[in-house]
Amino acid sequence: MKLVDSRHLLLAVSGGPDSLALLITIAGWLDRAGRKPRVSVATVDHGLRAESAAEAEAVARISAGFGLAHATLRWHGEKPAHGIQEAARAARYRLLADHAAAIGADCIATAHHGDDQAETVLMRLAAGSGIAGLAAMRPRVAVAPSLCLARPFIAIPKARLAATVTAAGLVPTDDPSNRDPTYARARLRGPAARAAAATLGLTRERLVRLAARAARADEALASVAQAEAARLIHPFAEGNGGVEILAEIFRLPEELMLRVLERAIAEAAGGATSPTMPLRLERLEALASSLRRVQAAGSTMRATLAGMLVALDAGGRVRITPEPPRRRGRRAPEKPPTSG
């Protein structure tokens with residue numbers, strides 16, 4: 001769905017230069033558009049800085065000047081002592097999604113830009129991410145059955161957005177946490193990190209291009225994996241439920257096997273793996289490697305991953321069921337695969 005096809009578009013505007021550029025651009029687009037979707041604006045006030053309430057009020061005034069309705073969404077409750085940026089991000093998207101549902105918006109637009117995308121790719125490279133991770137932020141992604149998240153500026157340089165705000169005569173807010181070296185993204189924005197990346201040829205343009213190519217490959221792999229999963233995964237009615245994967249999974253290339261196995265675990269967990277035991281790629285890879293090795297030997301094994309019990313029988317079938325209640329939520333490391 002393109003922005004023009006949206007029924008009701010919700011703009012996430014913090015008051016910084018990037019999101020103000022989004023507001024200016026969409027407002028100008030509405031003046032020219034033949035078919036105009038309804039547009040609303042929301043600012044999330046995390047309550048982490050004394051200036052945040054006044055900044056939200058400033059966005060409300062600017063929005064009113066464009067004739068757009070504005071809402072301030074406040075993050076209430078205790079704030080975590082550690083991982084504050086991750087928690088704030090989760091709260092931001094939760095508040096935006098809830099507000100979108102309340103006003104009937106079908107798309108949330110954010111001002112993530114090419115510099116953000118390049119930073120994300122570098123962070124994923126440093127983490128050793130797979131193809132899906134290197135695809136970084138997608139231009140559009142479904143976040144609920146009737147709600148999408150759009151990033152129309154994902155390939156546009158930040159400098160161009162800042163110039164748009166300056167040309168409009170608006171003064172953006174400044175969040176000092178964007179320059180706090182405590183956070184990984186802020187360190188990537190420092191002059192030393194930028195110079196090092198440029199020396200290696202890791203320019204914004206090339207990193208954005210890498211993300212687009214990785215996304216293209218990931219979409220193709222996901223399509224094939226979906227078809228294979230539909231063919232190989234079946235409900236397993238015995239005991240406490242779960243799914244069974246046919247032995248043909250071991251004939252798949254490793255990447256497809258990983259994706260089918262991941263889908264099976266999610267399906268056995270009721271559509272999503274346990275939030276207290278996230279499914280990490282390296283653990284999934286270790287499980288798949290053990291399954292391949294034991295299946296080739298004609299043996300059996302049992303292992304646990306993401307709150308699921310994975311059992312391989314002598315015929316090569318893999319059955320995935322929830323772990324028995326007495327074993328869930330343990331803090332001890334997950335049991336290594338055992339063969340018999």
# chains A, B, ... in the order shown; residues from 1 in each chain; ligands from 1

$ closest_atom_pairs --of "segment 146-247 of chain A" --to "segment 22-31 of chain A" --cutoff "10 Å" --atoms "only C-alpha atoms" --output "tab-separated table"
residue	atom	partner	partner_atom	distance
A:Arg151	CA	A:Leu22	CA	9.8
A:Pro152	CA	A:Leu22	CA	8.6
A:Phe153	CA	A:Leu22	CA	8.2
A:Leu161	CA	A:Leu22	CA	8.1
A:Thr164	CA	A:Ile24	CA	7.9
A:Val165	CA	A:Ile24	CA	7.6
A:Ala168	CA	A:Ile24	CA	7.9
A:Leu170	CA	A:Ile24	CA	9.8

$ write_last_selection --atoms "C-alpha atoms" --output "PDB file, in the first residue's frame"
ATOM      1  CA  ARG A 151       9.378   4.963   6.273  1.00  0.00           C
ATOM      2  CA  PRO A 152       9.167   7.171   3.169  1.00  0.00           C
ATOM      3  CA  PHE A 153      12.593   8.793   3.785  1.00  0.00           C
ATOM      4  CA  LEU A 161      15.694  16.746   5.603  1.00  0.00           C
ATOM      5  CA  THR A 164      13.834  21.264   4.250  1.00  0.00           C
ATOM      6  CA  VAL A 165      13.177  22.392   7.820  1.00  0.00           C
ATOM      7  CA  ALA A 168      10.491  26.349   5.998  1.00  0.00           C
ATOM      8  CA  LEU A 170      11.144  26.191  11.534  1.00  0.00           C
TER       9      LEU A 170
END

$ select_by_dssp --residues "segment 10-212 of chain A" --states "helix (DSSP H, G or I)" --output "ChimeraX atom specification"
/A:17-32,52-65,84-103,114-126,131-134,158-167,176-179,184-188,191-199,204-212

$ residues_around --residues "segment 195-212 of chain A" --least-positions-apart "2" --cutoff "7 Å" --atoms "only C-alpha atoms" --output "count of residues only"
15

$ closest_residue --among "A:Leu221, A:Leu95, A:Leu20, A:Leu284" --to "Asp174 of chain A" --atoms "only C-alpha atoms"
A:Leu20

$ residues_around --residues "segment 265-267 of chain A" --least-positions-apart "5" --cutoff "12 Å" --atoms "only C-alpha atoms" --output "CSV table (one decimal) with N, CA and C atoms, in the first residue's frame"
chain,number,residue,atom,x,y,z
A,229,ALA,N,7.3,-24.5,4.1
A,229,ALA,CA,6.7,-24.7,5.4
A,229,ALA,C,5.3,-25.2,5.3
A,230,ALA,N,4.6,-24.7,4.3
A,230,ALA,CA,3.2,-25.2,4.1
A,230,ALA,C,3.2,-26.6,3.7
A,233,ILE,N,5.2,-28.7,7.3
A,233,ILE,CA,4.8,-28.6,8.7
A,233,ILE,C,3.3,-29.0,8.8
A,234,HIS,N,3.1,-29.9,9.8
A,234,HIS,CA,1.7,-30.3,10.0
A,234,HIS,C,1.4,-30.3,11.5
A,235,PRO,N,0.1,-30.1,11.9
A,235,PRO,CA,-0.2,-30.2,13.3
A,235,PRO,C,0.1,-31.6,13.9
A,236,PHE,N,0.5,-31.6,15.1
A,236,PHE,CA,0.8,-32.8,15.8
A,236,PHE,C,-0.2,-32.9,17.0
A,241,GLY,N,-0.1,-31.1,22.1
A,241,GLY,CA,-0.1,-30.3,20.9
A,241,GLY,C,1.2,-30.0,20.4
A,242,GLY,N,1.3,-29.2,19.3
A,242,GLY,CA,2.6,-28.8,18.7
A,242,GLY,C,2.5,-29.1,17.2
A,243,VAL,N,3.7,-29.2,16.6
A,243,VAL,CA,3.7,-29.5,15.1
A,243,VAL,C,4.7,-30.6,14.8
A,244,GLU,N,4.6,-31.2,13.6
A,244,GLU,CA,5.5,-32.1,13.1
A,244,GLU,C,6.1,-31.7,11.8
A,245,ILE,N,7.4,-31.8,11.6
A,245,ILE,CA,8.0,-31.5,10.3
A,245,ILE,C,8.4,-32.8,9.6
A,258,LEU,N,16.6,-23.6,8.1
A,258,LEU,CA,16.6,-22.7,9.2
A,258,LEU,C,15.2,-21.9,9.3
A,259,ARG,N,14.8,-21.4,8.1
A,259,ARG,CA,13.6,-20.7,8.1
A,259,ARG,C,12.4,-21.5,8.3
A,260,VAL,N,12.3,-22.7,7.8
A,260,VAL,CA,11.2,-23.6,8.0
A,260,VAL,C,11.2,-24.0,9.5
A,272,ALA,N,4.0,-17.2,17.9
A,272,ALA,CA,5.2,-16.4,18.3
A,272,ALA,C,5.9,-17.1,19.4
A,273,THR,N,7.3,-17.0,19.4
A,273,THR,CA,8.0,-17.7,20.4
A,273,THR,C,7.9,-16.9,21.7
A,274,SER,N,8.2,-17.6,22.8
A,274,SER,CA,8.0,-17.0,24.1
A,274,SER,C,8.8,-15.8,24.2
A,275,PRO,N,8.2,-14.6,24.7
A,275,PRO,CA,9.0,-13.4,24.8
A,275,PRO,C,10.0,-13.5,25.9
A,277,MET,N,12.0,-16.1,26.2
A,277,MET,CA,13.0,-16.9,25.6
A,277,MET,C,13.1,-16.5,24.1
A,278,PRO,N,13.7,-15.4,23.7
A,278,PRO,CA,13.7,-15.0,22.3
A,278,PRO,C,14.5,-16.0,21.5
A,279,LEU,N,14.1,-16.2,20.2
A,279,LEU,CA,14.8,-17.1,19.3
A,279,LEU,C,15.9,-16.4,18.7
A,284,LEU,N,19.4,-21.1,16.8
A,284,LEU,CA,18.7,-21.8,15.8
A,284,LEU,C,19.7,-22.6,14.9
A,287,LEU,N,21.0,-25.6,16.7
A,287,LEU,CA,20.0,-26.7,16.7
A,287,LEU,C,19.9,-27.4,15.3
A,304,THR,N,15.9,-28.4,23.6
A,304,THR,CA,15.0,-27.3,23.9
A,304,THR,C,15.5,-26.0,23.3
A,305,LEU,N,14.5,-25.2,22.8
A,305,LEU,CA,14.8,-23.9,22.3
A,305,LEU,C,13.6,-23.0,22.3
A,306,ALA,N,13.8,-21.8,22.9
A,306,ALA,CA,12.7,-20.8,22.9
A,306,ALA,C,11.4,-21.4,23.6
A,307,GLY,N,11.6,-22.2,24.7
A,307,GLY,CA,10.5,-22.7,25.4
A,307,GLY,C,9.8,-23.9,24.7
A,308,MET,N,10.4,-24.4,23.6
A,308,MET,CA,9.9,-25.5,22.9
A,308,MET,C,10.8,-26.8,23.1
A,309,LEU,N,10.1,-27.9,23.1
A,309,LEU,CA,10.9,-29.2,23.1
A,309,LEU,C,10.9,-29.7,21.6
A,310,VAL,N,12.1,-29.9,21.1
A,310,VAL,CA,12.3,-30.4,19.8
A,310,VAL,C,12.8,-31.8,19.8
A,311,ALA,N,12.1,-32.8,19.2
A,311,ALA,CA,12.4,-34.2,19.2
A,311,ALA,C,12.5,-34.7,17.8
A,318,VAL,N,10.6,-34.4,12.8
A,318,VAL,CA,10.9,-33.5,13.9
A,318,VAL,C,9.6,-33.1,14.5
A,319,ARG,N,9.4,-33.4,15.8
A,319,ARG,CA,8.2,-32.9,16.5
A,319,ARG,C,8.6,-31.8,17.5
A,320,ILE,N,7.8,-30.8,17.4
A,320,ILE,CA,8.0,-29.6,18.3
A,320,ILE,C,6.8,-29.4,19.1
A,321,THR,N,7.0,-29.4,20.4
A,321,THR,CA,5.9,-29.2,21.4
A,321,THR,C,6.3,-28.2,22.5
A,322,PRO,N,5.4,-27.6,23.2
A,322,PRO,CA,5.8,-26.8,24.3
A,322,PRO,C,6.5,-27.6,25.4
A,323,GLU,N,7.5,-27.0,26.0
A,323,GLU,CA,8.2,-27.7,27.1
A,323,GLU,C,7.2,-28.0,28.2
